[in-house]
file model.txt (compact mmCIF, C-alpha atoms)
# COMPACT_ATOMS: atom_id res chain seq x y z
CA MET G 260 17.84 25.50 -11.75
CA PHE G 261 15.65 22.60 -10.65
CA ASP G 262 17.02 19.21 -11.59
CA LEU G 263 14.34 16.52 -11.52
CA GLU G 264 16.77 13.60 -11.51
CA GLN G 265 18.63 15.11 -8.59
CA ALA G 266 15.36 15.78 -6.76
CA LEU G 267 14.23 12.19 -7.30
CA ALA G 268 17.59 10.86 -6.09
CA GLN G 269 17.24 13.00 -2.98
CA TRP G 270 13.68 11.77 -2.50
CA ARG G 271 14.92 8.17 -2.67
CA ARG G 272 17.58 8.94 -0.05
CA HIS G 273 14.90 10.46 2.15
CA MET G 274 12.71 7.36 1.78
CA ARG G 275 15.62 5.05 2.59
CA GLY G 276 16.40 7.20 5.61
CA ALA G 277 12.82 6.72 6.75
CA GLY G 278 13.21 2.96 6.52
CA LEU G 279 11.91 2.15 3.05
CA HIS G 280 14.83 0.22 1.61
CA ASP G 281 13.27 -2.09 -0.99
CA PRO G 282 14.68 -0.83 -4.34
CA ALA G 283 11.78 -2.37 -6.30
CA ALA G 284 9.23 -0.58 -4.10
CA LEU G 285 11.15 2.68 -4.52
CA ASP G 286 11.28 2.14 -8.31
CA GLU G 287 7.54 1.66 -8.36
CA LEU G 288 6.89 4.77 -6.26
CA GLU G 289 9.30 6.75 -8.43
CA SER G 290 7.47 5.56 -11.54
CA HIS G 291 4.26 6.82 -9.93
CA LEU G 292 5.89 10.19 -9.17
CA ARG G 293 7.02 10.57 -12.79
CA GLU G 294 3.49 9.84 -14.06
CA GLU G 295 2.02 12.41 -11.70
CA ILE G 296 4.69 14.99 -12.58
CA ASP G 297 3.90 14.50 -16.29
CA ARG G 298 0.22 15.06 -15.60
CA GLN G 299 0.86 18.20 -13.55
CA ILE G 300 3.15 19.63 -16.22
CA GLN G 301 0.51 19.03 -18.88
CA ARG G 302 -1.79 21.15 -16.74
CA GLY G 303 0.73 23.98 -16.80
CA VAL G 304 2.31 23.47 -13.36
CA SER G 305 6.02 24.28 -13.11
CA LEU G 306 8.44 21.37 -12.70
CA PRO G 307 9.45 22.13 -9.08
CA ASP G 308 5.80 22.51 -8.07
CA ALA G 309 4.82 19.39 -10.00
CA PHE G 310 7.51 17.44 -8.15
CA ALA G 311 6.46 18.81 -4.74
CA GLN G 312 2.77 18.08 -5.39
CA ALA G 313 3.51 14.59 -6.70
CA VAL G 314 5.50 13.74 -3.57
CA GLN G 315 2.66 15.05 -1.45
CA THR G 316 0.07 12.85 -3.17
CA LEU G 317 2.04 9.76 -2.15
CA GLY G 318 1.20 10.48 1.48
CA PRO G 319 3.30 10.86 4.62
CA THR G 320 6.60 8.98 4.47
CA THR G 321 6.18 7.41 7.90
CA ASP G 322 2.79 5.98 6.92
CA LEU G 323 4.22 4.59 3.72
CA GLN G 324 7.12 2.98 5.57
CA ARG G 325 4.71 1.44 8.07
CA GLU G 326 2.37 0.04 5.43
CA PHE G 327 5.25 -1.41 3.42
CA ALA G 328 6.70 -2.95 6.60
CA LYS G 329 3.33 -4.55 7.30
CA ALA G 330 3.13 -5.87 3.75
CA THR G 331 6.59 -7.40 4.21
CA LEU G 332 5.56 -9.02 7.48
CA THR G 333 2.70 -10.83 5.75
CA ARG G 334 5.28 -12.71 3.69
CA ILE G 335 6.36 -14.47 6.86
CA PRO G 336 4.35 -17.70 7.32
CA ARG G 337 1.66 -17.33 9.96
CA TRP G 338 2.92 -20.18 12.15
CA ARG G 339 6.32 -18.51 12.33
CA LEU G 340 4.71 -15.21 13.32
CA TRP G 341 2.85 -16.99 16.11
CA LYS G 342 6.01 -18.79 17.21
CA ARG G 343 7.92 -15.53 17.28
CA SER G 344 5.16 -13.74 19.14
CA LEU G 345 5.03 -16.50 21.70
CA LEU G 346 8.79 -16.35 22.18
CA ARG G 347 8.56 -12.60 22.55
CA LEU G 348 5.81 -12.85 25.12
CA LEU G 349 8.08 -15.18 27.07
CA GLY G 350 10.70 -12.48 27.04
CA PHE G 351 12.88 -13.60 24.16
CA PRO G 352 14.26 -10.75 22.12
CA ILE G 353 13.14 -10.10 18.57
CA SER G 354 15.68 -11.16 15.94
CA ILE G 355 18.18 -8.41 15.18
CA ARG G 356 17.61 -8.68 11.43
CA GLU G 357 13.86 -8.26 11.70
CA PHE G 358 14.31 -5.55 14.29
CA ILE G 359 16.57 -3.45 12.07
CA GLN G 360 14.30 -4.06 9.08
CA LEU G 361 11.41 -2.59 11.00
CA HIS G 362 13.39 0.14 12.72
CA PRO G 363 16.40 1.18 10.69
CA GLY G 364 19.08 2.93 12.64
CA SER G 365 17.82 1.28 15.83
CA HIS G 366 21.21 -0.28 16.50
CA ARG G 367 22.38 3.22 17.38
CA LEU G 368 19.76 3.58 20.14
CA GLY G 369 20.58 3.36 23.83
CA PRO G 370 19.31 0.46 26.00
CA PHE G 371 16.10 2.20 27.09
CA ARG G 372 14.98 3.29 23.64
CA LEU G 373 16.03 -0.07 22.29
CA GLY G 374 13.60 -1.71 24.71
CA VAL G 375 10.81 0.64 23.64
CA THR G 376 11.51 -0.13 20.00
CA VAL G 377 11.47 -3.87 20.61
CA HIS G 378 8.09 -3.44 22.25
CA SER G 379 6.71 -1.46 19.33
CA ALA G 380 8.10 -4.00 16.86
CA ARG G 381 6.25 -6.70 18.76
CA ARG G 382 3.07 -4.64 18.56
CA GLU G 383 3.52 -4.23 14.81
CA VAL G 384 3.70 -7.99 14.37
CA PHE G 385 0.50 -8.42 16.34
CA ARG G 386 -1.20 -5.66 14.41
CA ALA G 387 -0.15 -7.23 11.12
CA MET G 388 -1.44 -10.62 12.22
CA ASN G 389 -4.76 -9.29 13.45
CA GLY G 390 -5.35 -6.82 10.68
CA ASN G 391 -4.59 -8.90 7.63
CA GLU G 392 -7.82 -10.83 7.47
CA ALA G 393 -9.95 -7.75 6.90
CA ALA G 394 -9.12 -5.88 3.74
CA GLY G 395 -5.48 -6.73 4.02
CA GLY G 396 -4.46 -5.24 7.34
CA MET H 134 -5.46 -1.26 5.28
CA HIS H 135 -7.08 0.19 8.28
CA SER H 136 -4.77 3.11 8.31
CA ASP H 137 -6.47 6.49 8.59
CA THR H 138 -4.05 7.94 6.12
CA MET H 139 -5.35 5.85 3.26
CA TYR H 140 -8.33 8.13 2.92
CA ASP H 141 -9.31 11.71 2.35
CA ALA H 142 -11.81 13.26 4.74
CA ALA H 143 -15.24 14.35 3.49
CA MET H 144 -15.16 11.55 0.96
CA LEU H 145 -16.39 7.99 1.24
CA GLU H 146 -15.97 6.83 4.85
CA LYS H 147 -12.63 5.23 5.58
CA GLU H 148 -14.04 1.88 6.66
CA LEU H 149 -15.89 1.58 3.36
CA VAL H 150 -12.80 2.60 1.43
CA ALA H 151 -10.75 0.00 3.30
CA ALA H 152 -13.28 -2.76 2.73
CA SER H 153 -13.73 -1.95 -0.94
CA THR H 154 -10.10 -1.44 -1.98
CA GLU H 155 -9.27 -5.06 -2.78
CA PRO H 156 -12.54 -5.80 -4.61
CA ILE H 157 -12.06 -2.60 -6.64
CA ILE H 158 -8.47 -3.49 -7.57
CA LEU H 159 -9.51 -7.03 -8.49
CA SER H 160 -12.42 -5.71 -10.57
CA LEU H 161 -10.24 -3.20 -12.40
CA LEU H 162 -7.63 -5.84 -13.14
CA ALA H 163 -10.37 -8.18 -14.39
CA ARG H 164 -10.74 -5.65 -17.23
CA GLY H 165 -7.09 -6.09 -18.11
CA GLU H 166 -3.52 -5.50 -17.04
CA SER H 167 -2.86 -2.15 -15.35
CA TYR H 168 -0.36 -0.27 -13.19
CA GLY H 169 -0.68 1.62 -9.92
CA TYR H 170 -1.02 5.13 -11.28
CA GLU H 171 -3.63 4.08 -13.82
CA LEU H 172 -5.62 2.16 -11.17
CA ILE H 173 -5.70 5.28 -9.00
CA GLN H 174 -6.85 7.49 -11.88
CA ASN H 175 -9.53 4.97 -12.84
CA VAL H 176 -10.90 4.91 -9.32
CA LYS H 177 -10.99 8.70 -9.19
CA THR H 178 -12.88 8.83 -12.49
CA LEU H 179 -15.29 5.99 -11.68
CA SER H 180 -16.19 7.53 -8.32
CA SER H 181 -16.28 11.11 -9.63
CA GLY H 182 -13.54 11.89 -7.15
CA GLN H 183 -15.54 10.72 -4.12
CA LEU H 184 -13.36 7.72 -3.45
CA ALA H 185 -9.81 8.93 -3.01
CA TRP H 186 -6.93 6.73 -1.99
CA THR H 187 -3.78 8.30 -0.64
CA ASP H 188 -1.78 7.35 -3.71
CA GLY H 189 1.26 5.74 -2.09
CA MET H 190 -0.85 3.50 0.11
CA LEU H 191 -2.09 1.55 -2.89
CA TYR H 192 1.30 -0.04 -3.46
CA PRO H 193 1.66 -2.01 -0.22
CA VAL H 194 -1.85 -3.32 -0.87
CA LEU H 195 -0.86 -4.42 -4.36
CA HIS H 196 2.24 -6.13 -2.95
CA ARG H 197 0.18 -7.95 -0.38
CA MET H 198 -2.30 -9.08 -3.03
CA GLU H 199 0.60 -10.33 -5.10
CA ASP H 200 1.95 -12.26 -2.11
CA GLN H 201 -1.48 -13.85 -1.77
CA GLY H 202 -1.21 -15.01 -5.36
CA TRP H 203 -4.21 -12.98 -6.52
CA ILE H 204 -2.25 -10.81 -8.91
CA LYS H 205 1.09 -10.96 -10.68
CA SER H 206 3.40 -8.11 -11.63
CA ARG H 207 5.92 -7.45 -14.38
CA TRP H 208 8.07 -4.47 -15.25
CA VAL H 209 7.56 -2.97 -18.70
CA GLN H 210 9.96 -0.50 -20.32
CA ILE H 211 7.97 2.43 -21.70
CA GLY H 212 10.76 4.39 -23.37
CA ASN H 213 13.01 7.25 -22.23
CA GLY H 214 14.56 4.83 -19.76
CA ARG H 215 11.25 4.75 -17.90
CA LYS H 216 9.41 1.69 -16.71
CA ARG H 217 6.06 0.74 -15.25
CA LYS H 218 5.07 -2.16 -13.05
CA TYR H 219 2.00 -3.80 -14.55
CA TYR H 220 -0.30 -6.04 -12.54
CA SER H 221 -2.55 -8.76 -13.93
CA LEU H 222 -5.23 -10.89 -12.35
CA GLN H 223 -4.40 -14.51 -11.57
CA LYS H 224 -6.68 -17.52 -11.20
CA ASN H 225 -6.72 -17.14 -7.40
CA GLY H 226 -7.61 -13.49 -7.88
CA ARG H 227 -10.60 -14.38 -10.03
CA THR H 228 -11.80 -16.74 -7.33
CA ALA H 229 -11.30 -14.05 -4.69
CA LEU H 230 -13.15 -11.54 -6.86
CA ALA H 231 -16.09 -13.92 -7.34
CA HIS H 232 -16.29 -14.38 -3.57
CA LYS H 233 -16.10 -10.64 -2.88
CA ARG H 234 -18.71 -9.91 -5.55
CA GLU H 235 -21.06 -12.33 -3.89
CA GLN H 236 -20.58 -10.61 -0.52
CA TRP H 237 -21.06 -7.11 -1.86
CA SER H 238 -24.12 -8.26 -3.82
CA ILE H 239 -25.71 -9.50 -0.60
CA LEU H 240 -25.14 -6.10 0.98
CA THR H 241 -26.43 -4.10 -1.96
CA SER H 242 -29.57 -6.22 -2.22
CA VAL H 243 -30.21 -5.83 1.51
CA PHE H 244 -29.98 -2.06 1.20
CA ALA H 245 -32.03 -2.04 -1.99
CA GLY H 246 -34.80 -3.92 -0.17
CA LEU H 247 -34.64 -1.77 2.94
CA TRP H 248 -34.63 1.54 1.15
CA LYS H 249 -37.32 0.48 -1.30
CA GLU H 250 -39.67 -0.30 1.61
CA GLN H 251 -38.99 3.06 3.20
CA HIS H 252 -40.10 4.87 0.07
CA VAL H 253 -43.41 2.94 -0.28

call {"tool": "encode", "arguments": {"input": "model.txt", "output": "structure tokens"}}
result
Amino acid sequence: MFDLEQALAQWRRHMRGAGLHDPAALDELESHLREEIDRQIQRGVSLPDAFAQAVQTLGPTTDLQREFAKATLTRIPRWRLWKRSLLRLLGFPISIREFIQLHPGSHRLGPFRLGVTVHSARREVFRAMNGNEAAGG
Amino acid sequence: MHSDTMYDAAMLEKELVAASTEPIILSLLARGESYGYELIQNVKTLSSGQLAWTDGMLYPVLHRMEDQGWIKSRWVQIGNGRKRKYYSLQKNGRTALAHKREQWSILTSVFAGLWKEQHV
């Protein structure tokens, strides 16, 4: 028997596992899912199918995580982003807090993959800075 | 919002969708308070389904617009233990909307002129 509450709880765990930790953002996405599930059910779709389709309409989890991470980065004042980028270009490591925020679970990576992740985190900051002017990144 | 995943293929081109998302959200909220799901449905209806956002991608955009001070959100209980996050337009948002309207008006009048000449 399909249990919607259980399915939603599992979905939230999946999202957190993918790096989307903000409870308010998850609440908002869950609210969206419930609206879409209601609509599907009114059209005669079964509950499990309605849930699956609603999750699908949200889009790929990795894309969602990335867009939310970018939105979070824009909360950091621009001068601090530039300062951090400059420090990074000079070879200073990215702050551990920011690093784990962007790449959850990264503390478990080995030295090589850690380096790769730091590099990609740096690129994300640049992308966020360059992309925000036009239509919000 | 330059992500390819924000858009459905064979619809309005992604660059146009990206450029128009904020003005559309601002315009919809100028009509009154609304929430993500309703905004998405309104856009689908208004565009006869030709402008399709990937639903989830709207939310980071809304959050960014809120950070910019254009819009403001509040949670509203809607019964059955459910809640919705409503967004409303702020003064800064009205200013931003006026600016964006001006820019889009320039474009539409340029095209109107160009395409009118071609039909003469």

call {"tool": "closest_residue", "arguments": {"input": "model.txt", "among": "G:Val314, G:Ala309, G:Leu346, G:Ala284", "to": "G:Glu326", "atoms": "all atoms listed in the file"}}
result
G:Ala284

call {"tool": "atom_distance", "arguments": {"input": "model.txt", "atom1": "atom CA of G:Arg367", "atom2": "atom CA of G:Arg271"}}
result
22.0 Å

call {"tool": "closest_atom_pairs", "arguments": {"input": "model.txt", "of": "chain H", "to": "chain G", "cutoff": "6 Å", "atoms": "only C-alpha atoms", "output": "CSV"}}
result
residue,atom,partner,partner_atom,distance
H:Met134,CA,G:Gly396,CA,4.6
H:Ala152,CA,G:Ala394,CA,5.3
H:Tyr170,CA,G:His291,CA,5.7
H:Thr187,CA,G:Gly318,CA,5.8
H:Asp188,CA,G:Leu317,CA,4.8
H:Gly189,CA,G:Leu317,CA,4.1
H:Pro193,CA,G:Phe327,CA,5.1
H:Arg197,CA,G:Ala330,CA,5.5

call {"tool": "write_last_selection", "arguments": {"input": "model.txt", "atoms": "C-alpha atoms", "output": "PDB file, in the frame of the given file"}}
result
ATOM      1  CA  MET H 134      -5.460  -1.260   5.280  1.00  0.00           C
ATOM      2  CA  ALA H 152     -13.280  -2.760   2.730  1.00  0.00           C
ATOM      3  CA  TYR H 170      -1.020   5.130 -11.280  1.00  0.00           C
ATOM      4  CA  THR H 187      -3.780   8.300  -0.640  1.00  0.00           C
ATOM      5  CA  ASP H 188      -1.780   7.350  -3.710  1.00  0.00           C
ATOM      6  CA  GLY H 189       1.260   5.740  -2.090  1.00  0.00           C
ATOM      7  CA  PRO H 193       1.660  -2.010  -0.220  1.00  0.00           C
ATOM      8  CA  ARG H 197       0.180  -7.950  -0.380  1.00  0.00           C
TER       9      ARG H 197
END

call {"tool": "residues_around", "arguments": {"input": "model.txt", "residues": "H:Tyr168", "least_positions_apart": "6", "cutoff": "9 Å", "atoms": "only C-alpha atoms", "output": "ChimeraX atom specification"}}
result
/H:206,217-221

call {"tool": "atom_distance", "arguments": {"input": "model.txt", "atom1": "atom CA of H:Ile158", "atom2": "atom CA of H:Glu199"}}
result
11.6 Å

call {"tool": "decode", "arguments": {"input": "model.txt", "residues": "stretch 154-168 of chain H", "atoms": "N, CA and C atoms", "output": "PDB file, in the first residue's frame"}}
result
ATOM      1  N   THR H 154      11.831  35.339 -17.554  1.00  0.00           N
ATOM      2  CA  THR H 154      11.302  34.759 -16.311  1.00  0.00           C
ATOM      3  C   THR H 154      11.050  35.810 -15.233  1.00  0.00           C
ATOM      4  N   GLU H 155      12.059  36.628 -14.950  1.00  0.00           N
ATOM      5  CA  GLU H 155      11.873  37.631 -13.887  1.00  0.00           C
ATOM      6  C   GLU H 155      10.784  38.647 -14.222  1.00  0.00           C
ATOM      7  N   PRO H 156      10.782  39.205 -15.464  1.00  0.00           N
ATOM      8  CA  PRO H 156       9.687  40.138 -15.769  1.00  0.00           C
ATOM      9  C   PRO H 156       8.313  39.480 -15.657  1.00  0.00           C
ATOM     10  N   ILE H 157       8.222  38.203 -16.043  1.00  0.00           N
ATOM     11  CA  ILE H 157       6.923  37.517 -15.955  1.00  0.00           C
ATOM     12  C   ILE H 157       6.510  37.347 -14.494  1.00  0.00           C
ATOM     13  N   ILE H 158       7.449  36.911 -13.653  1.00  0.00           N
ATOM     14  CA  ILE H 158       7.127  36.736 -12.228  1.00  0.00           C
ATOM     15  C   ILE H 158       6.702  38.079 -11.628  1.00  0.00           C
ATOM     16  N   LEU H 159       7.467  39.123 -11.929  1.00  0.00           N
ATOM     17  CA  LEU H 159       7.144  40.451 -11.390  1.00  0.00           C
ATOM     18  C   LEU H 159       5.759  40.895 -11.866  1.00  0.00           C
ATOM     19  N   SER H 160       5.464  40.647 -13.146  1.00  0.00           N
ATOM     20  CA  SER H 160       4.176  41.062 -13.704  1.00  0.00           C
ATOM     21  C   SER H 160       3.027  40.298 -13.061  1.00  0.00           C
ATOM     22  N   LEU H 161       3.226  38.995 -12.868  1.00  0.00           N
ATOM     23  CA  LEU H 161       2.179  38.186 -12.241  1.00  0.00           C
ATOM     24  C   LEU H 161       1.940  38.637 -10.805  1.00  0.00           C
ATOM     25  N   LEU H 162       3.031  38.926 -10.099  1.00  0.00           N
ATOM     26  CA  LEU H 162       2.884  39.352  -8.707  1.00  0.00           C
ATOM     27  C   LEU H 162       2.325  40.773  -8.604  1.00  0.00           C
ATOM     28  N   ALA H 163       2.449  41.556  -9.677  1.00  0.00           N
ATOM     29  CA  ALA H 163       1.849  42.893  -9.691  1.00  0.00           C
ATOM     30  C   ALA H 163       0.325  42.778  -9.668  1.00  0.00           C
ATOM     31  N   ARG H 164      -0.187  41.627 -10.104  1.00  0.00           N
ATOM     32  CA  ARG H 164      -1.643  41.390 -10.060  1.00  0.00           C
ATOM     33  C   ARG H 164      -2.098  41.034  -8.658  1.00  0.00           C
ATOM     34  N   GLY H 165      -1.181  40.575  -7.852  1.00  0.00           N
ATOM     35  CA  GLY H 165      -1.527  40.191  -6.477  1.00  0.00           C
ATOM     36  C   GLY H 165      -0.634  39.070  -5.988  1.00  0.00           C
ATOM     37  N   GLU H 166      -0.742  38.825  -4.694  1.00  0.00           N
ATOM     38  CA  GLU H 166       0.062  37.802  -4.026  1.00  0.00           C
ATOM     39  C   GLU H 166      -0.157  36.435  -4.690  1.00  0.00           C
ATOM     40  N   SER H 167       0.890  35.639  -4.781  1.00  0.00           N
ATOM     41  CA  SER H 167       0.735  34.306  -5.374  1.00  0.00           C
ATOM     42  C   SER H 167       1.827  33.375  -4.852  1.00  0.00           C
ATOM     43  N   TYR H 168       1.694  32.089  -5.170  1.00  0.00           N
ATOM     44  CA  TYR H 168       2.695  31.109  -4.722  1.00  0.00           C
ATOM     45  C   TYR H 168       3.230  30.362  -5.944  1.00  0.00           C
TER      46      TYR H 168
END
